[in-house]
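Undergrad: Sharing a structure here in structure tokens format.
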Amino acid sequence: MASNPAAPVAPFVPSQRSSETEDGKIPTFGFGSRRTDEGPWEEWNPSADTTRPVRGRHRVGKQRGGGGLARSSTVLGVGVIAAVGGAGMATAQTGKPPVSISIPDLPSVGSPFSNDDSDAEPKGSATALSSVGVTSEETQQGTSDAGEALRARIILQAEQQKDQAEAKVQQAAQDAAAKKAAAEAAKVKREAAAKVAAEKKKVADAAKAKLEAARLAELAKQYTLPTSSYTITSTFGQAGSLWSSGYHTGLDFAAPTGTPLKAVHTGTITEAGWSGSYGYRTILTLEDGTEIWYAHQSSINVSVGQKVNTGDVIGRVGATGNVTGAHLHMEVHTSSSDSAGIDPMAWLRSMGLNP
């Protein structure tokens, strides 16, 4: 460590090792006494208010040439002030003996003079800036505030989630209600449409029935029953041993022998004569190809190829062939039917006739 240069003679000495002697010797001064020619003396103790706090190392500009201080710490000024005393700044006085000043050792402070010419950067404080000047109460308060803020944030988030869930439930309820209302509206609409359709169908059916009745009435003018004053004794498809096929193939009109037989519609006579078990039979072929068979006649009044109109007499009721009594056996054969023919009762009704 470099030694300090000799200090100039101070205007006062803080202490004196011994008092003045009567023999006239120059007293030596030291700590613990004061000079009597410098006025009243007051003790000075450095404090935090009168000294600058040491915060790391600081650079001092290097003197170029002529020697001098290379580098030092700002603690040099602190040491000088601590050594000087409270009577003011030291002033040079000639003729005074030099006083040695010792600088007390300070913790964590480097030498005020250093021969190190390196440009080492000063080390920063290890204390975090966020905690400088913060008391434990303030730290605790900050922690408490942070906890309260976190708690408030959690509560807010929970409330938001709850609000979102409630909104979702409410939206679902609204959607369900809207869906139900739409379904009910659709049902009402369907029912109304079905009712309208039923009414239309009813009207259409009525109109159709009216037209059919008119058509049948018109056909009734064109068609007629084969005889009058009769009784239906056997119908189409009736089973029994009386018929060679095992069932009845026509419609029987029981009437007294000689009752007139009429042409049911305009057509042409395609057969007229004896036909075995049918007795005397006449076949009337209509314009659409339908054949009307008249069997068991007692007499025939037409001939083959003759054209007849509706209501013309073509023969008489009899009991010829395989019979048990006088009656007309009527059969109806169409181009699409088999040899047994179709039900004469249904055909007559389709022509507006009701046997």
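Chains: A, B, ... in order of the structure tokens. Residues: from 1 per chain. Ligands: from 1, in order shown.
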Would you return as a compact mmCIF listing (two decimals) with N, CA and C atoms, in the first residue's frame the members of stretch 107-322 of chain A that DSSP assigns to helix (DSSP H, G or I) on this structure's backbone?
TA:
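Saved as selection.txt:
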```txt
# COMPACT_ATOMS: atom_id res chain seq x y z
N LEU A 129 -32.54 -4.19 -6.94
CA LEU A 129 -33.06 -2.83 -6.92
C LEU A 129 -34.48 -2.78 -6.39
N SER A 130 -35.24 -3.87 -6.63
CA SER A 130 -36.65 -3.85 -6.21
C SER A 130 -36.83 -3.87 -4.71
N SER A 131 -35.75 -4.29 -3.96
CA SER A 131 -35.89 -4.38 -2.51
C SER A 131 -35.11 -3.31 -1.77
N SER A 136 -39.56 -4.63 5.92
CA SER A 136 -40.25 -5.92 5.98
C SER A 136 -41.76 -5.75 6.01
N GLU A 137 -42.21 -4.67 6.66
CA GLU A 137 -43.65 -4.42 6.69
C GLU A 137 -44.16 -4.13 5.28
N GLU A 138 -43.35 -3.33 4.52
CA GLU A 138 -43.76 -3.03 3.16
C GLU A 138 -43.72 -4.28 2.30
N THR A 139 -42.69 -5.12 2.51
CA THR A 139 -42.61 -6.38 1.77
C THR A 139 -43.81 -7.26 2.08
N GLN A 140 -44.14 -7.35 3.37
CA GLN A 140 -45.30 -8.15 3.76
C GLN A 140 -46.57 -7.58 3.17
N GLN A 141 -46.64 -6.22 3.19
CA GLN A 141 -47.82 -5.57 2.62
C GLN A 141 -47.92 -5.83 1.12
N GLY A 142 -46.75 -5.76 0.43
CA GLY A 142 -46.74 -6.05 -1.00
C GLY A 142 -47.16 -7.49 -1.29
N THR A 143 -46.64 -8.41 -0.48
CA THR A 143 -47.03 -9.82 -0.65
C THR A 143 -48.52 -10.00 -0.43
N SER A 144 -49.03 -9.33 0.63
CA SER A 144 -50.46 -9.40 0.91
C SER A 144 -51.27 -8.82 -0.24
N ASP A 145 -50.79 -7.66 -0.77
CA ASP A 145 -51.51 -7.06 -1.89
C ASP A 145 -51.49 -7.97 -3.10
N ALA A 146 -50.33 -8.60 -3.36
CA ALA A 146 -50.25 -9.52 -4.49
C ALA A 146 -51.19 -10.70 -4.30
N GLY A 147 -51.25 -11.22 -3.06
CA GLY A 147 -52.17 -12.32 -2.77
C GLY A 147 -53.62 -11.91 -2.96
N GLU A 148 -53.94 -10.69 -2.49
CA GLU A 148 -55.30 -10.20 -2.67
C GLU A 148 -55.62 -10.02 -4.15
N ALA A 149 -54.64 -9.51 -4.91
CA ALA A 149 -54.85 -9.33 -6.34
C ALA A 149 -55.08 -10.67 -7.03
N LEU A 150 -54.25 -11.69 -6.64
CA LEU A 150 -54.43 -13.02 -7.21
C LEU A 150 -55.78 -13.60 -6.83
N ARG A 151 -56.15 -13.41 -5.57
CA ARG A 151 -57.45 -13.92 -5.10
C ARG A 151 -58.59 -13.25 -5.86
N ALA A 152 -58.48 -11.92 -6.02
CA ALA A 152 -59.52 -11.20 -6.75
C ALA A 152 -59.58 -11.67 -8.20
N ARG A 153 -58.41 -11.94 -8.78
CA ARG A 153 -58.38 -12.41 -10.16
C ARG A 153 -59.02 -13.78 -10.28
N ILE A 154 -58.72 -14.66 -9.33
CA ILE A 154 -59.31 -16.01 -9.34
C ILE A 154 -60.82 -15.91 -9.18
N ILE A 155 -61.25 -15.07 -8.24
CA ILE A 155 -62.70 -14.91 -8.02
C ILE A 155 -63.36 -14.36 -9.27
N LEU A 156 -62.72 -13.37 -9.91
CA LEU A 156 -63.27 -12.79 -11.13
C LEU A 156 -63.37 -13.83 -12.23
N GLN A 157 -62.31 -14.64 -12.35
CA GLN A 157 -62.32 -15.69 -13.36
C GLN A 157 -63.43 -16.71 -13.08
N ALA A 158 -63.58 -17.08 -11.80
CA ALA A 158 -64.65 -18.01 -11.44
C ALA A 158 -66.02 -17.43 -11.74
N GLU A 159 -66.20 -16.15 -11.42
CA GLU A 159 -67.48 -15.51 -11.71
C GLU A 159 -67.73 -15.45 -13.22
N GLN A 160 -66.67 -15.16 -13.99
CA GLN A 160 -66.83 -15.14 -15.44
C GLN A 160 -67.21 -16.52 -15.96
N GLN A 161 -66.54 -17.56 -15.44
CA GLN A 161 -66.89 -18.92 -15.86
C GLN A 161 -68.31 -19.27 -15.47
N LYS A 162 -68.72 -18.84 -14.28
CA LYS A 162 -70.09 -19.09 -13.84
C LYS A 162 -71.08 -18.36 -14.73
N ASP A 163 -70.76 -17.11 -15.06
CA ASP A 163 -71.64 -16.33 -15.95
C ASP A 163 -71.71 -16.99 -17.32
N GLN A 164 -70.56 -17.46 -17.81
CA GLN A 164 -70.56 -18.13 -19.11
C GLN A 164 -71.40 -19.40 -19.07
N ALA A 165 -71.27 -20.19 -17.97
CA ALA A 165 -72.06 -21.41 -17.84
C ALA A 165 -73.55 -21.09 -17.78
N GLU A 166 -73.90 -20.06 -16.98
CA GLU A 166 -75.30 -19.68 -16.89
C GLU A 166 -75.82 -19.18 -18.23
N ALA A 167 -74.99 -18.40 -18.93
CA ALA A 167 -75.39 -17.92 -20.25
C ALA A 167 -75.58 -19.09 -21.22
N LYS A 168 -74.70 -20.09 -21.11
CA LYS A 168 -74.82 -21.26 -21.97
C LYS A 168 -76.09 -22.03 -21.68
N VAL A 169 -76.40 -22.21 -20.37
CA VAL A 169 -77.63 -22.91 -19.99
C VAL A 169 -78.85 -22.13 -20.47
N GLN A 170 -78.80 -20.81 -20.27
CA GLN A 170 -79.91 -19.97 -20.71
C GLN A 170 -80.08 -20.03 -22.22
N GLN A 171 -78.96 -20.00 -22.94
CA GLN A 171 -79.03 -20.09 -24.40
C GLN A 171 -79.59 -21.43 -24.83
N ALA A 172 -79.16 -22.52 -24.13
CA ALA A 172 -79.68 -23.84 -24.45
C ALA A 172 -81.18 -23.91 -24.20
N ALA A 173 -81.63 -23.30 -23.07
CA ALA A 173 -83.06 -23.27 -22.78
C ALA A 173 -83.82 -22.49 -23.84
N GLN A 174 -83.25 -21.36 -24.25
CA GLN A 174 -83.89 -20.56 -25.29
C GLN A 174 -83.94 -21.33 -26.60
N ASP A 175 -82.85 -22.03 -26.93
CA ASP A 175 -82.83 -22.82 -28.16
C ASP A 175 -83.87 -23.94 -28.10
N ALA A 176 -83.96 -24.59 -26.92
CA ALA A 176 -84.93 -25.67 -26.77
C ALA A 176 -86.35 -25.13 -26.89
N ALA A 177 -86.59 -23.97 -26.25
CA ALA A 177 -87.92 -23.36 -26.34
C ALA A 177 -88.24 -22.98 -27.78
N ALA A 178 -87.25 -22.40 -28.46
CA ALA A 178 -87.46 -22.02 -29.86
C ALA A 178 -87.72 -23.25 -30.72
N LYS A 179 -86.96 -24.32 -30.45
CA LYS A 179 -87.14 -25.56 -31.21
C LYS A 179 -88.52 -26.15 -30.95
N LYS A 180 -88.95 -26.12 -29.67
CA LYS A 180 -90.27 -26.64 -29.32
C LYS A 180 -91.36 -25.81 -29.99
N ALA A 181 -91.18 -24.47 -29.93
CA ALA A 181 -92.17 -23.59 -30.56
C ALA A 181 -92.22 -23.83 -32.06
N ALA A 182 -91.03 -24.02 -32.68
CA ALA A 182 -91.00 -24.29 -34.11
C ALA A 182 -91.68 -25.62 -34.43
N ALA A 183 -91.44 -26.64 -33.57
CA ALA A 183 -92.07 -27.94 -33.78
C ALA A 183 -93.59 -27.84 -33.65
N GLU A 184 -94.04 -27.10 -32.62
CA GLU A 184 -95.48 -26.92 -32.44
C GLU A 184 -96.08 -26.17 -33.61
N ALA A 185 -95.36 -25.12 -34.06
CA ALA A 185 -95.86 -24.37 -35.21
C ALA A 185 -95.93 -25.25 -36.45
N ALA A 186 -94.88 -26.09 -36.62
CA ALA A 186 -94.88 -27.00 -37.77
C ALA A 186 -96.02 -28.01 -37.67
N LYS A 187 -96.28 -28.49 -36.43
CA LYS A 187 -97.37 -29.44 -36.23
C LYS A 187 -98.71 -28.80 -36.55
N VAL A 188 -98.91 -27.57 -36.05
CA VAL A 188 -100.15 -26.85 -36.35
C VAL A 188 -100.29 -26.64 -37.85
N LYS A 189 -99.16 -26.29 -38.47
CA LYS A 189 -99.20 -26.07 -39.91
C LYS A 189 -99.54 -27.36 -40.65
N ARG A 190 -98.94 -28.48 -40.19
CA ARG A 190 -99.24 -29.76 -40.83
C ARG A 190 -100.70 -30.14 -40.64
N GLU A 191 -101.18 -29.93 -39.40
CA GLU A 191 -102.57 -30.26 -39.14
C GLU A 191 -103.51 -29.40 -39.99
N ALA A 192 -103.17 -28.11 -40.08
CA ALA A 192 -104.00 -27.23 -40.91
C ALA A 192 -103.95 -27.66 -42.37
N ALA A 193 -102.72 -28.01 -42.84
CA ALA A 193 -102.59 -28.47 -44.22
C ALA A 193 -103.35 -29.77 -44.44
N ALA A 194 -103.27 -30.69 -43.44
CA ALA A 194 -103.99 -31.95 -43.57
C ALA A 194 -105.51 -31.71 -43.58
N LYS A 195 -105.94 -30.77 -42.74
CA LYS A 195 -107.37 -30.45 -42.71
C LYS A 195 -107.82 -29.87 -44.05
N VAL A 196 -107.01 -28.95 -44.57
CA VAL A 196 -107.34 -28.37 -45.87
C VAL A 196 -107.35 -29.45 -46.94
N ALA A 197 -106.33 -30.35 -46.89
CA ALA A 197 -106.27 -31.43 -47.87
C ALA A 197 -107.47 -32.36 -47.75
N ALA A 198 -107.87 -32.63 -46.49
CA ALA A 198 -109.05 -33.49 -46.29
C ALA A 198 -110.31 -32.83 -46.83
N GLU A 199 -110.40 -31.53 -46.57
CA GLU A 199 -111.56 -30.81 -47.10
C GLU A 199 -111.56 -30.84 -48.63
N LYS A 200 -110.36 -30.60 -49.20
CA LYS A 200 -110.27 -30.65 -50.65
C LYS A 200 -110.61 -32.04 -51.17
N LYS A 201 -110.09 -33.07 -50.47
CA LYS A 201 -110.38 -34.44 -50.89
C LYS A 201 -111.87 -34.75 -50.78
N LYS A 202 -112.44 -34.26 -49.70
CA LYS A 202 -113.87 -34.48 -49.51
C LYS A 202 -114.67 -33.84 -50.63
N VAL A 203 -114.28 -32.59 -50.94
CA VAL A 203 -114.96 -31.90 -52.04
C VAL A 203 -114.72 -32.62 -53.35
N ALA A 204 -113.45 -33.05 -53.54
CA ALA A 204 -113.13 -33.75 -54.78
C ALA A 204 -113.88 -35.07 -54.88
N ASP A 205 -113.94 -35.80 -53.75
CA ASP A 205 -114.67 -37.07 -53.76
C ASP A 205 -116.16 -36.85 -54.04
N ALA A 206 -116.67 -35.79 -53.41
CA ALA A 206 -118.08 -35.50 -53.65
C ALA A 206 -118.33 -35.17 -55.12
N ALA A 207 -117.40 -34.36 -55.66
CA ALA A 207 -117.54 -34.01 -57.07
C ALA A 207 -117.39 -35.25 -57.95
N LYS A 208 -116.43 -36.11 -57.57
CA LYS A 208 -116.21 -37.33 -58.33
C LYS A 208 -117.44 -38.25 -58.25
N ALA A 209 -117.98 -38.37 -57.04
CA ALA A 209 -119.18 -39.19 -56.88
C ALA A 209 -120.35 -38.63 -57.69
N LYS A 210 -120.42 -37.32 -57.69
CA LYS A 210 -121.49 -36.68 -58.47
C LYS A 210 -121.31 -36.96 -59.95
N LEU A 211 -120.07 -36.85 -60.40
CA LEU A 211 -119.79 -37.14 -61.80
C LEU A 211 -120.06 -38.61 -62.13
N GLU A 212 -119.67 -39.47 -61.20
CA GLU A 212 -119.91 -40.90 -61.42
C GLU A 212 -121.40 -41.20 -61.46
N ALA A 213 -122.11 -40.55 -60.57
CA ALA A 213 -123.57 -40.76 -60.57
C ALA A 213 -124.17 -40.27 -61.88
N ALA A 214 -123.66 -39.13 -62.34
CA ALA A 214 -124.17 -38.62 -63.62
C ALA A 214 -123.82 -39.56 -64.76
N ARG A 215 -122.58 -40.09 -64.69
CA ARG A 215 -122.18 -41.02 -65.73
C ARG A 215 -123.04 -42.28 -65.70
N LEU A 216 -123.25 -42.81 -64.51
CA LEU A 216 -124.07 -44.01 -64.39
C LEU A 216 -125.51 -43.75 -64.82
N ALA A 217 -125.98 -42.56 -64.47
CA ALA A 217 -127.34 -42.22 -64.90
C ALA A 217 -127.42 -42.19 -66.42
N GLU A 218 -126.39 -41.65 -67.03
CA GLU A 218 -126.37 -41.62 -68.49
C GLU A 218 -126.24 -43.03 -69.05
N LEU A 219 -125.39 -43.86 -68.37
CA LEU A 219 -125.26 -45.25 -68.82
C LEU A 219 -126.56 -46.01 -68.61
N ALA A 220 -127.23 -45.68 -67.52
CA ALA A 220 -128.50 -46.37 -67.26
C ALA A 220 -129.50 -46.16 -68.38
N LYS A 221 -129.33 -45.02 -69.04
CA LYS A 221 -130.20 -44.77 -70.19
C LYS A 221 -129.80 -45.64 -71.37
N GLN A 222 -128.49 -46.06 -71.33
CA GLN A 222 -127.96 -46.85 -72.44
C GLN A 222 -128.00 -48.34 -72.14
N GLY A 276 -126.06 -77.43 -75.55
CA GLY A 276 -125.90 -78.48 -74.57
C GLY A 276 -126.59 -78.16 -73.25
N SER A 277 -125.75 -78.18 -72.12
CA SER A 277 -126.31 -77.94 -70.79
C SER A 277 -126.86 -76.52 -70.64
N TYR A 278 -126.48 -75.60 -71.55
CA TYR A 278 -127.00 -74.23 -71.49
C TYR A 278 -128.41 -74.13 -72.12
```
Undergrad: Which residue is closest to A:Thr224? Choose from A:Gly305, A:Gly267, A:Gly311, A:Pro256 and count only C-alpha atoms.
TA: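 Among the listed residues, the smallest separation from A:Thr224 belongs to A:Gly311.
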Undergrad: Identify which of the residues A:His329, A:His296, A:His248, A:Lys307 lies closest to A:Thr270, counting only C-alpha atoms when measuring atom-to-atom distances.
TA: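 Checking each candidate against A:Thr270, we get A:Lys307 as the closest.
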Undergrad: Between atom CA of A:Trp274 and atom CA of A:Leu353, what is the distance in Å, rounded to a tenth?
TA: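 Between atom CA of A:Trp274 and atom CA of A:Leu353 the gap works out to 28.9 Å.
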Undergrad: What does the distance between atom CA of A:Thr231 and atom CA of A:Ser337 come to in Å, to one decimal place?
TA: 26.6 Å
Undergrad: By how many Å are atom CA of A:Val317 and atom CA of A:Thr259 apart?
TA: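 The value is 5.1 Å.
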Undergrad: May I ask which of the residues A:Ala255, A:Ser335, A:Asn322, A:Arg316 is the closest one to A:Thr285, counting only C-alpha atoms?
TA: A:Ser335
Undergrad: I need the strand (DSSP E or B) residues of stretch 207-314 of chain A per DSSP on the backbone, written as a PyMOL selection string.
TA: chain A and resi 231-234+239+247+251-254+260-262+267-274+280-286+291-300+307-308+313-314
Undergrad: Looking at only C-alpha atoms, which of A:Thr233, A:Thr334, A:Ser303, A:Ser228 is the one that sits closest to A:Pro260?
TA: A:Ser228
